[in-house]
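Here's model-v8.pdb, which has PDB, C-alpha atoms and all ligand atoms:
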ATOM      1  CA  MET A 801     -49.237-106.646 -46.242
ATOM      2  CA  HIS A 802     -47.242-106.619 -43.020
ATOM      3  CA  SER A 803     -49.224-109.433 -41.416
ATOM      4  CA  ARG A 804     -48.558-111.765 -44.346
ATOM      5  CA  VAL A 805     -46.406-114.685 -43.200
ATOM      6  CA  PRO A 806     -43.413-115.151 -45.533
ATOM      7  CA  ALA A 807     -43.514-118.392 -47.530
ATOM      8  CA  ALA A 808     -40.132-119.495 -46.168
ATOM      9  CA  VAL A 809     -41.439-119.141 -42.603
ATOM     10  CA  LEU A 810     -44.480-121.276 -43.369
ATOM     11  CA  LEU A 811     -42.271-123.868 -45.036
ATOM     12  CA  ALA A 812     -39.903-123.970 -42.074
ATOM     13  CA  LEU A 813     -42.783-124.242 -39.581
ATOM     14  CA  THR A 814     -44.322-127.082 -41.583
ATOM     15  CA  LEU A 815     -41.003-128.924 -41.701
ATOM     16  CA  THR A 816     -40.536-128.463 -37.943
ATOM     17  CA  ALA A 817     -44.037-129.733 -37.211
ATOM     18  CA  CYS A 818     -43.566-132.838 -39.405
ATOM     19  CA  GLY A 819     -40.155-133.527 -37.849
ATOM     20  CA  GLU A 820     -41.583-133.391 -34.351
ATOM     21  CA  SER A 821     -44.412-135.820 -34.974
ATOM     22  CA  GLU A 822     -41.931-138.435 -36.200
ATOM     23  CA  THR A 823     -39.347-137.887 -33.471
ATOM     24  CA  GLN A 824     -38.741-140.747 -31.040
ATOM     25  CA  GLU A 825     -38.214-140.218 -27.309
ATOM     26  CA  PRO A 826     -35.123-137.973 -27.114
ATOM     27  CA  GLN A 827     -32.047-139.703 -25.700
ATOM     28  CA  PRO A 828     -29.782-137.995 -23.138
ATOM     29  CA  SER A 829     -26.493-136.764 -24.577
ATOM     30  CA  GLN A 830     -23.752-139.209 -23.654
ATOM     31  CA  GLU A 831     -21.297-136.467 -22.773
ATOM     32  CA  THR A 832     -23.412-134.438 -20.368
ATOM     33  CA  GLY A 833     -26.440-136.543 -19.441
ATOM     34  CA  VAL A 834     -28.533-133.449 -20.198
ATOM     35  CA  LEU A 835     -31.293-133.579 -22.816
ATOM     36  CA  PRO A 836     -30.158-130.888 -25.241
ATOM     37  CA  THR A 837     -33.515-130.314 -26.911
ATOM     38  CA  GLU A 838     -35.229-129.882 -23.560
ATOM     39  CA  ALA A 839     -32.527-127.546 -22.314
ATOM     40  CA  LEU A 840     -32.622-125.515 -25.535
ATOM     41  CA  ALA A 841     -36.392-125.111 -25.301
ATOM     42  CA  GLU A 842     -36.362-124.075 -21.642
ATOM     43  CA  ALA A 843     -33.521-121.569 -21.557
ATOM     44  CA  PRO A 844     -34.472-118.016 -22.523
ATOM     45  CA  VAL A 845     -32.922-116.385 -25.605
ATOM     46  CA  PRO A 846     -30.117-114.089 -24.354
ATOM     47  CA  PHE A 847     -32.334-111.113 -25.169
ATOM     48  CA  GLN A 848     -35.768-110.452 -26.600
ATOM     49  CA  LEU A 849     -36.169-110.403 -30.400
ATOM     50  CA  THR A 850     -38.689-108.162 -32.151
ATOM     51  CA  ALA A 851     -41.486-109.997 -34.004
ATOM     52  CA  GLU A 852     -39.733-109.219 -37.306
ATOM     53  CA  GLN A 853     -36.410-110.555 -35.990
ATOM     54  CA  ALA A 854     -38.102-113.719 -34.711
ATOM     55  CA  SER A 855     -39.503-114.463 -38.165
ATOM     56  CA  GLY A 856     -36.154-113.422 -39.691
ATOM     57  CA  LYS A 857     -34.412-116.005 -37.488
ATOM     58  CA  VAL A 858     -36.516-118.732 -39.126
ATOM     59  CA  VAL A 859     -35.729-117.387 -42.598
ATOM     60  CA  TYR A 860     -32.008-117.120 -41.768
ATOM     61  CA  GLU A 861     -31.816-120.628 -40.356
ATOM     62  CA  THR A 862     -33.713-121.978 -43.356
ATOM     63  CA  MET A 863     -32.289-119.997 -46.267
ATOM     64  CA  CYS A 864     -29.121-118.122 -45.363
ATOM     65  CA  TRP A 865     -27.002-120.138 -42.910
ATOM     66  CA  SER A 866     -25.847-122.682 -45.537
ATOM     67  CA  CYS A 867     -23.568-119.988 -46.996
ATOM     68  CA  HIS A 868     -23.412-117.295 -44.279
ATOM     69  CA  GLY A 869     -22.825-119.777 -41.442
ATOM     70  CA  PHE A 870     -24.623-120.467 -38.179
ATOM     71  CA  ALA A 871     -23.063-117.400 -36.519
ATOM     72  CA  GLY A 872     -22.978-115.219 -39.677
ATOM     73  CA  ARG A 873     -19.235-115.649 -40.089
ATOM     74  CA  GLY A 874     -19.417-116.501 -43.816
ATOM     75  CA  ASP A 875     -18.323-120.092 -43.224
ATOM     76  CA  GLY A 876     -21.455-122.138 -43.922
ATOM     77  CA  PRO A 877     -21.182-125.688 -45.291
ATOM     78  CA  ALA A 878     -21.628-124.540 -48.923
ATOM     79  CA  VAL A 879     -18.620-122.247 -48.500
ATOM     80  CA  ARG A 880     -16.540-124.861 -46.709
ATOM     81  CA  ALA A 881     -17.311-127.316 -49.517
ATOM     82  CA  GLY A 882     -15.955-124.754 -52.005
ATOM     83  CA  ALA A 883     -19.312-124.407 -53.818
ATOM     84  CA  VAL A 884     -19.675-120.674 -53.060
ATOM     85  CA  ALA A 885     -17.133-117.856 -52.652
ATOM     86  CA  PRO A 886     -16.954-116.803 -48.979
ATOM     87  CA  PRO A 887     -19.301-113.912 -48.147
ATOM     88  CA  ARG A 888     -18.212-111.170 -45.750
ATOM     89  CA  ASP A 889     -18.104-111.942 -42.016
ATOM     90  CA  PHE A 890     -21.253-110.357 -40.523
ATOM     91  CA  THR A 891     -19.763-110.492 -36.986
ATOM     92  CA  ALA A 892     -16.800-108.228 -37.839
ATOM     93  CA  GLY A 893     -16.373-104.689 -39.113
ATOM     94  CA  ALA A 894     -19.018-102.208 -40.163
ATOM     95  CA  LEU A 895     -21.697-104.823 -40.875
ATOM     96  CA  SER A 896     -21.674-105.995 -37.245
ATOM     97  CA  ARG A 897     -22.396-102.433 -36.076
ATOM     98  CA  ALA A 898     -25.048-101.658 -38.710
ATOM     99  CA  SER A 899     -28.586-101.054 -37.474
ATOM    100  CA  VAL A 900     -31.663-102.946 -38.658
ATOM    101  CA  ARG A 901     -32.829 -99.873 -40.585
ATOM    102  CA  GLN A 902     -29.434 -99.278 -42.168
ATOM    103  CA  LEU A 903     -29.153-102.894 -43.357
ATOM    104  CA  GLN A 904     -32.664-102.843 -44.764
ATOM    105  CA  ALA A 905     -32.082 -99.517 -46.514
ATOM    106  CA  ASP A 906     -28.742-100.649 -48.008
ATOM    107  CA  PHE A 907     -29.656-104.113 -49.153
ATOM    108  CA  GLN A 908     -33.276-103.535 -50.145
ATOM    109  CA  ALA A 909     -31.962-100.834 -52.458
ATOM    110  CA  GLU A 910     -29.522-103.334 -53.873
ATOM    111  CA  VAL A 911     -32.327-105.833 -54.357
ATOM    112  CA  GLY A 912     -34.402-103.183 -56.149
ATOM    113  CA  ALA A 913     -31.548-102.475 -58.553
ATOM    114  CA  LEU A 914     -30.685-106.177 -58.981
ATOM    115  CA  ASP A 915     -27.101-105.266 -59.668
ATOM    116  CA  PRO A 916     -25.722-107.739 -62.267
ATOM    117  CA  GLY A 917     -22.365-107.558 -60.428
ATOM    118  CA  HIS A 918     -24.142-109.002 -57.413
ATOM    119  CA  PRO A 919     -25.939-112.047 -58.846
ATOM    120  CA  HIS A 920     -26.298-113.631 -55.411
ATOM    121  CA  MET A 921     -29.077-111.232 -54.455
ATOM    122  CA  ALA A 922     -31.075-112.101 -57.570
ATOM    123  CA  ASN A 923     -30.747-115.800 -56.742
ATOM    124  CA  VAL A 924     -31.834-115.355 -53.134
ATOM    125  CA  LEU A 925     -34.744-113.188 -54.234
ATOM    126  CA  SER A 926     -35.926-115.887 -56.590
ATOM    127  CA  ILE A 927     -36.329-118.130 -53.526
ATOM    128  CA  VAL A 928     -37.548-115.869 -50.700
ATOM    129  CA  ASP A 929     -39.986-112.976 -51.051
ATOM    130  CA  ILE A 930     -38.901-109.456 -50.213
ATOM    131  CA  GLU A 931     -40.614-109.448 -46.812
ATOM    132  CA  ALA A 932     -38.816-112.608 -45.734
ATOM    133  CA  PHE A 933     -35.503-111.191 -46.971
ATOM    134  CA  SER A 934     -36.178-107.985 -45.072
ATOM    135  CA  ALA A 935     -36.921-109.957 -41.883
ATOM    136  CA  ALA A 936     -33.665-111.906 -42.302
ATOM    137  CA  LEU A 937     -31.798-108.576 -42.591
ATOM    138  CA  ALA A 938     -33.516-107.393 -39.379
ATOM    139  CA  TYR A 939     -32.247-110.535 -37.661
ATOM    140  CA  LEU A 940     -28.577-109.954 -38.589
ATOM    141  CA  PRO A 941     -27.806-107.387 -35.824
ATOM    142  CA  ALA A 942     -29.431-109.782 -33.324
ATOM    143  CA  LEU A 943     -27.401-112.716 -34.658
ATOM    144  CA  THR A 944     -24.127-110.794 -34.452
ATOM    145  CA  TYR A 945     -24.851-109.182 -31.054
ATOM    146  CA  PRO A 946     -22.867-107.916 -29.177
ATOM    147  CA  PRO A 947     -21.209-105.688 -31.821
ATOM    148  CA  GLU A 948     -18.174-105.048 -29.597
ATOM    149  CA  LEU A 949     -17.126-108.730 -29.757
ATOM    150  CA  PRO A 950     -16.196-110.875 -32.789
ATOM    151  CA  GLY A 951     -18.726-113.494 -31.736
ATOM    152  CA  SER A 952     -22.451-114.208 -31.696
ATOM    153  CA  ALA A 953     -24.224-114.637 -28.346
ATOM    154  CA  ILE A 954     -27.109-116.446 -30.040
ATOM    155  CA  ALA A 955     -24.726-118.966 -31.622
ATOM    156  CA  GLY A 956     -22.739-119.275 -28.372
ATOM    157  CA  ARG A 957     -25.885-120.073 -26.426
ATOM    158  CA  ARG A 958     -26.253-123.367 -28.268
ATOM    159  CA  ASN A 959     -22.757-124.602 -27.402
ATOM    160  CA  TYR A 960     -23.123-123.233 -23.871
ATOM    161  CA  LEU A 961     -26.258-125.292 -23.258
ATOM    162  CA  LEU A 962     -24.664-128.387 -24.702
ATOM    163  CA  ARG A 963     -21.177-128.064 -23.188
ATOM    164  CA  CYS A 964     -21.033-125.593 -20.286
ATOM    165  CA  GLN A 965     -24.279-125.503 -18.368
ATOM    166  CA  SER A 966     -23.602-128.928 -16.833
ATOM    167  CA  CYS A 967     -21.031-127.189 -14.581
ATOM    168  CA  HIS A 968     -21.786-123.454 -14.872
ATOM    169  CA  GLY A 969     -25.603-123.766 -14.732
ATOM    170  CA  ALA A 970     -28.278-122.733 -17.242
ATOM    171  CA  ALA A 971     -28.419-119.242 -15.722
ATOM    172  CA  GLY A 972     -24.596-119.028 -15.459
ATOM    173  CA  GLN A 973     -24.541-119.045 -11.666
ATOM    174  CA  GLY A 974     -21.959-121.825 -11.295
ATOM    175  CA  ASP A 975     -24.582-124.253 -10.019
ATOM    176  CA  GLY A 976     -24.991-126.856 -12.795
ATOM    177  CA  PRO A 977     -25.583-130.488 -11.788
ATOM    178  CA  GLY A 978     -21.892-131.340 -12.374
ATOM    179  CA  ALA A 979     -20.744-128.659  -9.911
ATOM    180  CA  GLU A 980     -21.579-130.958  -6.982
ATOM    181  CA  VAL A 981     -18.794-133.398  -7.800
ATOM    182  CA  LEU A 982     -16.078-130.750  -8.226
ATOM    183  CA  ASP A 983     -13.642-129.586  -5.539
ATOM    184  CA  LEU A 984     -13.286-126.171  -7.118
ATOM    185  CA  ALA A 985     -16.574-124.395  -7.840
ATOM    186  CA  PRO A 986     -17.252-123.416 -11.491
ATOM    187  CA  ALA A 987     -17.238-119.660 -12.111
ATOM    188  CA  ASN A 988     -20.478-117.765 -11.508
ATOM    189  CA  PHE A 989     -20.757-115.621 -14.651
ATOM    190  CA  VAL A 990     -23.330-113.294 -13.099
ATOM    191  CA  GLN A 991     -20.597-112.065 -10.725
ATOM    192  CA  ASP A 992     -17.462-113.018 -12.642
ATOM    193  CA  THR A 993     -14.754-110.387 -12.259
ATOM    194  CA  LEU A 994     -13.082-111.004 -15.653
ATOM    195  CA  LEU A 995     -16.365-110.189 -17.380
ATOM    196  CA  ALA A 996     -17.171-107.304 -15.019
ATOM    197  CA  ALA A 997     -13.810-105.768 -15.997
ATOM    198  CA  ARG A 998     -14.708-106.366 -19.679
ATOM    199  CA  ASN A 999     -11.568-108.464 -19.966
ATOM    200  CA  PHE A1000     -13.008-110.469 -22.852
ATOM    201  CA  GLN A1001      -9.589-111.594 -24.086
ATOM    202  CA  ALA A1002      -8.830-113.193 -20.694
ATOM    203  CA  ALA A1003     -12.199-114.983 -20.789
ATOM    204  CA  PHE A1004     -11.363-116.191 -24.321
ATOM    205  CA  ASP A1005      -7.924-117.460 -23.192
ATOM    206  CA  LYS A1006      -9.439-119.204 -20.192
ATOM    207  CA  ILE A1007     -12.049-121.030 -22.287
ATOM    208  CA  GLN A1008      -9.456-121.981 -24.866
ATOM    209  CA  SER A1009      -6.795-123.312 -22.490
ATOM    210  CA  GLY A1010      -9.014-124.409 -19.577
ATOM    211  CA  GLY A1011      -7.969-124.767 -15.972
ATOM    212  CA  GLY A1012      -5.654-127.785 -16.257
ATOM    213  CA  GLY A1013      -2.446-126.046 -17.080
ATOM    214  CA  VAL A1014      -3.461-122.758 -15.552
ATOM    215  CA  HIS A1015      -5.334-123.375 -12.316
ATOM    216  CA  GLY A1016      -5.245-127.173 -12.155
ATOM    217  CA  SER A1017      -9.051-127.185 -12.097
ATOM    218  CA  ALA A1018     -11.818-129.204 -13.757
ATOM    219  CA  MET A1019     -12.372-126.521 -16.387
ATOM    220  CA  PRO A1020     -11.658-128.286 -19.730
ATOM    221  CA  ALA A1021      -9.398-126.816 -22.458
ATOM    222  CA  TRP A1022     -12.074-126.086 -25.069
ATOM    223  CA  GLY A1023      -9.560-124.859 -27.651
ATOM    224  CA  VAL A1024      -9.004-128.499 -28.551
ATOM    225  CA  MET A1025     -12.662-128.921 -29.529
ATOM    226  CA  PHE A1026     -13.710-125.489 -30.775
ATOM    227  CA  GLU A1027     -12.482-123.094 -33.446
ATOM    228  CA  ASP A1028     -11.548-119.579 -32.314
ATOM    229  CA  GLY A1029     -14.860-118.250 -33.655
ATOM    230  CA  ASP A1030     -16.839-120.719 -31.527
ATOM    231  CA  VAL A1031     -14.876-119.608 -28.460
ATOM    232  CA  TRP A1032     -15.710-115.945 -29.204
ATOM    233  CA  ASP A1033     -19.367-116.977 -29.518
ATOM    234  CA  LEU A1034     -19.118-118.476 -26.013
ATOM    235  CA  VAL A1035     -17.476-115.309 -24.637
ATOM    236  CA  ALA A1036     -20.315-113.323 -26.248
ATOM    237  CA  TYR A1037     -22.952-115.542 -24.662
ATOM    238  CA  ILE A1038     -21.515-115.644 -21.117
ATOM    239  CA  SER A1039     -21.161-111.837 -21.276
ATOM    240  CA  THR A1040     -24.946-111.561 -21.596
ATOM    241  CA  PHE A1041     -25.162-112.819 -17.980
ATOM    242  CA  GLN A1042     -23.905-109.320 -17.071
ATOM    243  CA  PRO A1043     -26.004-107.211 -19.458
ATOM    244  CA  GLY A1044     -24.621-103.942 -18.039
ATOM    245  CA  ILE A1045     -21.170-104.552 -19.567
ATOM    246  CA  LEU A1046     -22.553-104.733 -23.134
ATOM    247  CA  SER A1047     -24.180-102.238 -25.481
ATOM    248  CA  ALA A1048     -27.979-102.438 -25.687
ATOM    249  CA  PRO A1049     -29.457-105.289 -27.755
ATOM    250  CA  PRO A1050     -30.620-104.349 -31.272
ATOM    251  CA  LEU A1051     -34.319-103.858 -30.698
ATOM    252  CA  ASP A1052     -36.609-101.417 -32.518
ATOM    253  CA  GLY A1053     -34.923 -98.176 -33.412
ATOM    254  CA  ARG A1054     -31.381 -99.534 -33.634
TER     255      ARG A1054
HETATM  256  C1  LIG B   1     -25.748-119.677 -51.999
HETATM  257  C2  LIG B   1     -25.063-119.007 -50.913
HETATM  258  C3  LIG B   1     -25.790-117.850 -50.233
HETATM  259  C4  LIG B   1     -27.048-117.859 -49.682
HETATM  260  C5  LIG B   1     -28.039-119.004 -49.608
HETATM  261  C6  LIG B   1     -27.258-116.529 -49.154
HETATM  262  N1  LIG B   1     -26.155-115.754 -49.386
HETATM  263 FE1  LIG B   1     -25.944-113.797 -48.935
HETATM  264  N2  LIG B   1     -24.122-113.749 -49.846
HETATM  265  C7  LIG B   1     -23.497-114.833 -50.405
HETATM  266  C8  LIG B   1     -22.242-114.405 -50.994
HETATM  267  C9  LIG B   1     -21.244-115.315 -51.704
HETATM  268  C10 LIG B   1     -22.127-113.023 -50.759
HETATM  269  C11 LIG B   1     -20.979-112.111 -51.162
HETATM  270  C12 LIG B   1     -20.908-111.934 -52.641
HETATM  271  C13 LIG B   1     -22.035-111.142 -53.101
HETATM  272  O1  LIG B   1     -22.302-110.136 -52.452
HETATM  273  O2  LIG B   1     -22.641-111.516 -54.130
HETATM  274  C14 LIG B   1     -23.343-112.641 -50.043
HETATM  275  C15 LIG B   1     -23.626-111.365 -49.625
HETATM  276  C16 LIG B   1     -24.716-111.005 -48.838
HETATM  277  C17 LIG B   1     -24.928-109.695 -48.275
HETATM  278  C18 LIG B   1     -24.059-108.496 -48.542
HETATM  279  C19 LIG B   1     -22.900-108.441 -47.587
HETATM  280  C20 LIG B   1     -21.811-107.528 -48.106
HETATM  281  O3  LIG B   1     -20.667-107.974 -48.106
HETATM  282  O4  LIG B   1     -22.104-106.432 -48.541
HETATM  283  C21 LIG B   1     -26.075-109.753 -47.519
HETATM  284  C22 LIG B   1     -26.704-108.639 -46.702
HETATM  285  C23 LIG B   1     -26.589-111.096 -47.644
HETATM  286  N3  LIG B   1     -25.737-111.828 -48.441
HETATM  287  C24 LIG B   1     -27.731-111.555 -47.029
HETATM  288  C25 LIG B   1     -28.272-112.808 -47.245
HETATM  289  C26 LIG B   1     -29.526-113.255 -46.665
HETATM  290  C27 LIG B   1     -30.412-112.406 -45.759
HETATM  291  C28 LIG B   1     -29.732-114.533 -47.098
HETATM  292  C29 LIG B   1     -30.922-115.422 -46.821
HETATM  293  C30 LIG B   1     -32.218-114.917 -47.129
HETATM  294  C31 LIG B   1     -28.589-114.890 -47.923
HETATM  295  N4  LIG B   1     -27.740-113.818 -47.991
HETATM  296  C32 LIG B   1     -28.417-116.125 -48.523
HETATM  297  C33 LIG B   1     -23.962-116.118 -50.430
HETATM  298  C34 LIG B   1     -25.232-116.527 -50.034
HETATM  299  C1  LIG B   2     -16.431-129.996 -15.798
HETATM  300  C2  LIG B   2     -16.929-128.713 -15.340
HETATM  301  C3  LIG B   2     -16.828-127.531 -16.275
HETATM  302  C4  LIG B   2     -17.299-127.420 -17.560
HETATM  303  C5  LIG B   2     -18.047-128.445 -18.392
HETATM  304  C6  LIG B   2     -16.983-126.061 -17.980
HETATM  305  N1  LIG B   2     -16.330-125.388 -16.995
HETATM  306 FE1  LIG B   2     -15.716-123.465 -17.027
HETATM  307  N2  LIG B   2     -14.934-123.627 -15.168
HETATM  308  C7  LIG B   2     -15.033-124.779 -14.380
HETATM  309  C8  LIG B   2     -14.377-124.521 -13.110
HETATM  310  C9  LIG B   2     -14.256-125.505 -11.956
HETATM  311  C10 LIG B   2     -13.919-123.188 -13.145
HETATM  312  C11 LIG B   2     -13.236-122.412 -12.034
HETATM  313  C12 LIG B   2     -11.835-122.798 -11.837
HETATM  314  C13 LIG B   2     -10.944-122.203 -12.842
HETATM  315  O1  LIG B   2     -11.047-120.992 -13.110
HETATM  316  O2  LIG B   2     -10.110-122.944 -13.378
HETATM  317  C14 LIG B   2     -14.254-122.682 -14.466
HETATM  318  C15 LIG B   2     -13.937-121.406 -14.927
HETATM  319  C16 LIG B   2     -14.338-120.876 -16.118
HETATM  320  C17 LIG B   2     -14.004-119.555 -16.587
HETATM  321  C18 LIG B   2     -13.099-118.559 -15.877
HETATM  322  C19 LIG B   2     -13.796-117.475 -15.140
HETATM  323  C20 LIG B   2     -12.793-116.631 -14.376
HETATM  324  O3  LIG B   2     -13.201-115.583 -13.867
HETATM  325  O4  LIG B   2     -11.623-117.005 -14.281
HETATM  326  C21 LIG B   2     -14.618-119.372 -17.805
HETATM  327  C22 LIG B   2     -14.587-118.123 -18.683
HETATM  328  C23 LIG B   2     -15.307-120.604 -18.101
HETATM  329  N3  LIG B   2     -15.117-121.503 -17.072
HETATM  330  C24 LIG B   2     -16.061-120.834 -19.250
HETATM  331  C25 LIG B   2     -16.585-122.086 -19.599
HETATM  332  C26 LIG B   2     -17.235-122.357 -20.860
HETATM  333  C27 LIG B   2     -17.513-121.321 -21.939
HETATM  334  C28 LIG B   2     -17.558-123.688 -20.860
HETATM  335  C29 LIG B   2     -18.224-124.495 -21.972
HETATM  336  C30 LIG B   2     -17.558-124.495 -23.257
HETATM  337  C31 LIG B   2     -17.139-124.233 -19.589
HETATM  338  N4  LIG B   2     -16.545-123.231 -18.863
HETATM  339  C32 LIG B   2     -17.321-125.545 -19.222
HETATM  340  C33 LIG B   2     -15.613-125.961 -14.701
HETATM  341  C34 LIG B   2     -16.214-126.253 -15.934
END
Is it possible to express this structure as structure tokens?
Amino acid sequence: MHSRVPAAVLLALTLTACGESETQEPQPSQETGVLPTEALAEAPVPFQLTAEQASGKVVYETMCWSCHGFAGRGDGPAVRAGAVAPPRDFTAGALSRASVRQLQADFQAEVGALDPGHPHMANVLSIVDIEAFSAALAYLPALTYPPELPGSAIAGRRNYLLRCQSCHGAAGQGDGPGAEVLDLAPANFVQDTLLAARNFQAAFDKIQSGGGGVHGSAMPAWGVMFEDGDVWDLVAYISTFQPGILSAPPLDGR
């Protein structure tokens, strides 16, 4: 029973495999000169996922993100298009602090009852089987980690690799390829004092307004390009370079 691979996972894997065989030589991104797909494949996930969370990630990114959003903020494309009422923000409030077991207990029960006041669950359950749904629930605390910040480190990692590693380095040590041409060295997040002091708001402000008006540095003002939520995702991700300042990742037992 437990070893059965959920149908949605198989579907997603098949789609990925087909996509890859048709893909042409990847082209370097014009903005950074870095090959995003290569960089994404090489860089480690900010923390280890359990096997159930890893399969839940595939289910989430196949079946749930269109409404719940890439970072779980309830702002997926179906919501933005006005086709679905906005679901609750998984990165904020009690849901962001809920454990894997708690989420599974709460929402499996709901699924069992198929509450007519909650038709969404019945619809989702007509598409994914209960094991796949359960795996997606197990993934939610990983997606919204760290619970103390209104951002998702997993979502932030993607923008970091595309937009920040060119200067700050894939491992956050301030040694990306672009660092060589700068007078002022990019911050080393492994030792960064703002993060060490858990001054997350200052890190947010710095990313949003950049160095131009503040320090006169090469650090761009990302607030022009990113929504506040994306900036919190980036704060969440760079904080994982100093794991000691964050609560433990949501592995088994949490
Ligand atoms: C078609 C859009 C849509 C899809 C797809 C979708 N959801 Fe939802 N979800 C919603 C909406 C809207 C709500 C809030 C209203 C409701 O509860 O019916 C919700 C609520 C929830 C809740 C309850 C949160 C709370 O506020 O109590 C959970 C948990 C959840 N969804 C998980 C999932 C998972 C896991 C998937 C993928 C397997 C998924 N959803 C797919 C739209 C969607
Ligand atoms: C063009 C190079 C460049 C890029 C790209 C870049 N940065 Fe920076 N960043 C810098 C430099 C240089 C500094 C140090 C000087 C300063 O603080 O202004 C810095 C400083 C910072 C700081 C402040 C740390 C502290 O202790 O004050 C944060 C936070 C930061 N960057 C986050 C990011 C994030 C997140 C991204 C991607 C969205 C990013 N940076 C992209 C060059 C860059």
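When only C-alpha atoms are used to compute distances to Arg958 in chain A, the closest of the residues A:Ala905, A:Met921, A:Leu1034, A:Leu943 turns out to be A:Leu1034.
Taking CA of Leu962 in chain A and CA of Thr993 in chain A as endpoints, the distance between them is 24.0 Å.
The residues caught by the PyMOL selection byres (((chain A and resi 992) around 12) and not hetatm) in this file are A:His968, A:Gly972, A:Gln973, A:Gly974, A:Pro986, A:Ala987, A:Asn988, A:Phe989, A:Val990, A:Gln991, A:Thr993, A:Leu994, A:Leu995, A:Ala996, A:Ala997, A:Arg998, A:Asn999, A:Phe1000, A:Ala1002, A:Ala1003, A:Ile1038, A:Ser1039, A:Thr1040, A:Phe1041, A:Gln1042, A:Ile1045.
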Expected selection from the PyMOL selection byres (((chain A and resi 948) around 10) and not hetatm), given as a ChimeraX atom specification:
/A:891-893,896-897,944-947,949-951,1036,1046-1047
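As for atom C29 of ligand LIG 1 (chain B) and CA of Ala883 in chain A, they are spaced 16.3 Å apart.
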For this structure, which residues satisfy the selection - the PyMOL selection byres (((chain A and resi 985) around 10) and not hetatm) - when it is evaluated on the file as given? I want them as a short mmCIF file (atom, residue, chain, number, x, y, z; two decimals) with C-alpha atoms, in the coordinates of the input.
data_model
loop_
_atom_site.label_atom_id
_atom_site.label_comp_id
_atom_site.auth_asym_id
_atom_site.auth_seq_id
_atom_site.Cartn_x
_atom_site.Cartn_y
_atom_site.Cartn_z
CA CYS A 967 -21.03 -127.19 -14.58
CA HIS A 968 -21.79 -123.45 -14.87
CA GLY A 974 -21.96 -121.82 -11.30
CA ASP A 975 -24.58 -124.25 -10.02
CA GLY A 978 -21.89 -131.34 -12.37
CA ALA A 979 -20.74 -128.66 -9.91
CA GLU A 980 -21.58 -130.96 -6.98
CA VAL A 981 -18.79 -133.40 -7.80
CA LEU A 982 -16.08 -130.75 -8.23
CA ASP A 983 -13.64 -129.59 -5.54
CA LEU A 984 -13.29 -126.17 -7.12
CA PRO A 986 -17.25 -123.42 -11.49
CA ALA A 987 -17.24 -119.66 -12.11
CA ASN A 988 -20.48 -117.76 -11.51
CA SER A 1017 -9.05 -127.18 -12.10
CA ALA A 1018 -11.82 -129.20 -13.76
CA MET A 1019 -12.37 -126.52 -16.39
#
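The coordinates place CA of Ser899 in chain A at 27.8 Å from atom C27 of ligand LIG 2 (chain B).
Distance annotation: of A:Phe907, A:Tyr1037, A:Phe870, A:Phe890, the residue with the minimal separation from ligand LIG 2 (chain B) is A:Tyr1037; atom set is only C-alpha atoms and all ligand atoms.
The smallest atom-to-atom distance between ligand LIG 1 (chain B) and any of A:Gly969, A:Gly1010, A:Gly874, A:Gly1044, using only C-alpha atoms and all ligand atoms, is found for A:Gly874.
Counting only C-alpha atoms and all ligand atoms, the residue from A:Val928, A:Cys964, A:Ala953, A:Val1031 that sits nearest to ligand LIG 1 (chain B) is A:Val928.
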If you count only C-alpha atoms and all ligand atoms, which residues end up within 7 Å of ligand LIG 1 (chain B), as an MDAnalysis selection string?
chainID A and resid 859:860 863:868 878 884:888 907 918:921 924 928 933 936:937
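In this comparison, which uses only C-alpha atoms and all ligand atoms, the residue of A:Leu903, A:Ala938, A:Ile930, A:Val1024 approaching ligand LIG 2 (chain B) most closely is A:Val1024.
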Let me have the centre and edge lengths in Å, one decimal, of the box along x, y and z around every listed atom of ligand LIG 2 (chain B) with 4 Å of margin on each side, as JSON.
{"center_x": -14.2, "center_y": -122.8, "center_z": -17.5, "size_x": 16.1, "size_y": 22.4, "size_z": 19.4}
Which residue is closest to ligand LIG 2 (chain B)? Choose from A:Ala1021, A:Pro1050, A:Pro977, A:Ile1007 and count all atoms listed in the file.
A:Ile1007
For Gly856 in chain A, find every residue with an atom within 10 Å (counting all atoms listed in the file), except residues of its own chain fewer than 5 positions away, and show them as a list in words.
Pro806, Ala808, Val809, Leu849, Thr850, Ala851, Glu861, Thr862, Glu931, Ala932, Phe933, Ser934, Ala935, Ala936, Leu937, Ala938, Tyr939, Leu940 and Ala942 of chain A
Please, could N, CA and C atoms be added to range 995-1000 of chain A and the result written as a short mmCIF file (atom, residue, chain, number, x, y, z; two decimals), in the coordinates of the input?
data_model
loop_
_atom_site.label_atom_id
_atom_site.label_comp_id
_atom_site.auth_asym_id
_atom_site.auth_seq_id
_atom_site.Cartn_x
_atom_site.Cartn_y
_atom_site.Cartn_z
N LEU A 995 -15.33 -110.79 -16.53
CA LEU A 995 -16.36 -110.19 -17.38
C LEU A 995 -16.70 -108.78 -16.89
N ALA A 996 -16.82 -108.63 -15.57
CA ALA A 996 -17.17 -107.30 -15.02
C ALA A 996 -16.15 -106.26 -15.46
N ALA A 997 -14.87 -106.69 -15.57
CA ALA A 997 -13.81 -105.77 -16.00
C ALA A 997 -13.75 -105.67 -17.53
N ARG A 998 -14.67 -106.31 -18.21
CA ARG A 998 -14.71 -106.37 -19.68
C ARG A 998 -13.40 -106.92 -20.24
N ASN A 999 -12.81 -107.84 -19.50
CA ASN A 999 -11.57 -108.46 -19.97
C ASN A 999 -11.93 -109.69 -20.81
N PHE A 1000 -12.48 -109.40 -21.99
CA PHE A 1000 -13.01 -110.47 -22.85
C PHE A 1000 -11.89 -111.38 -23.36
#
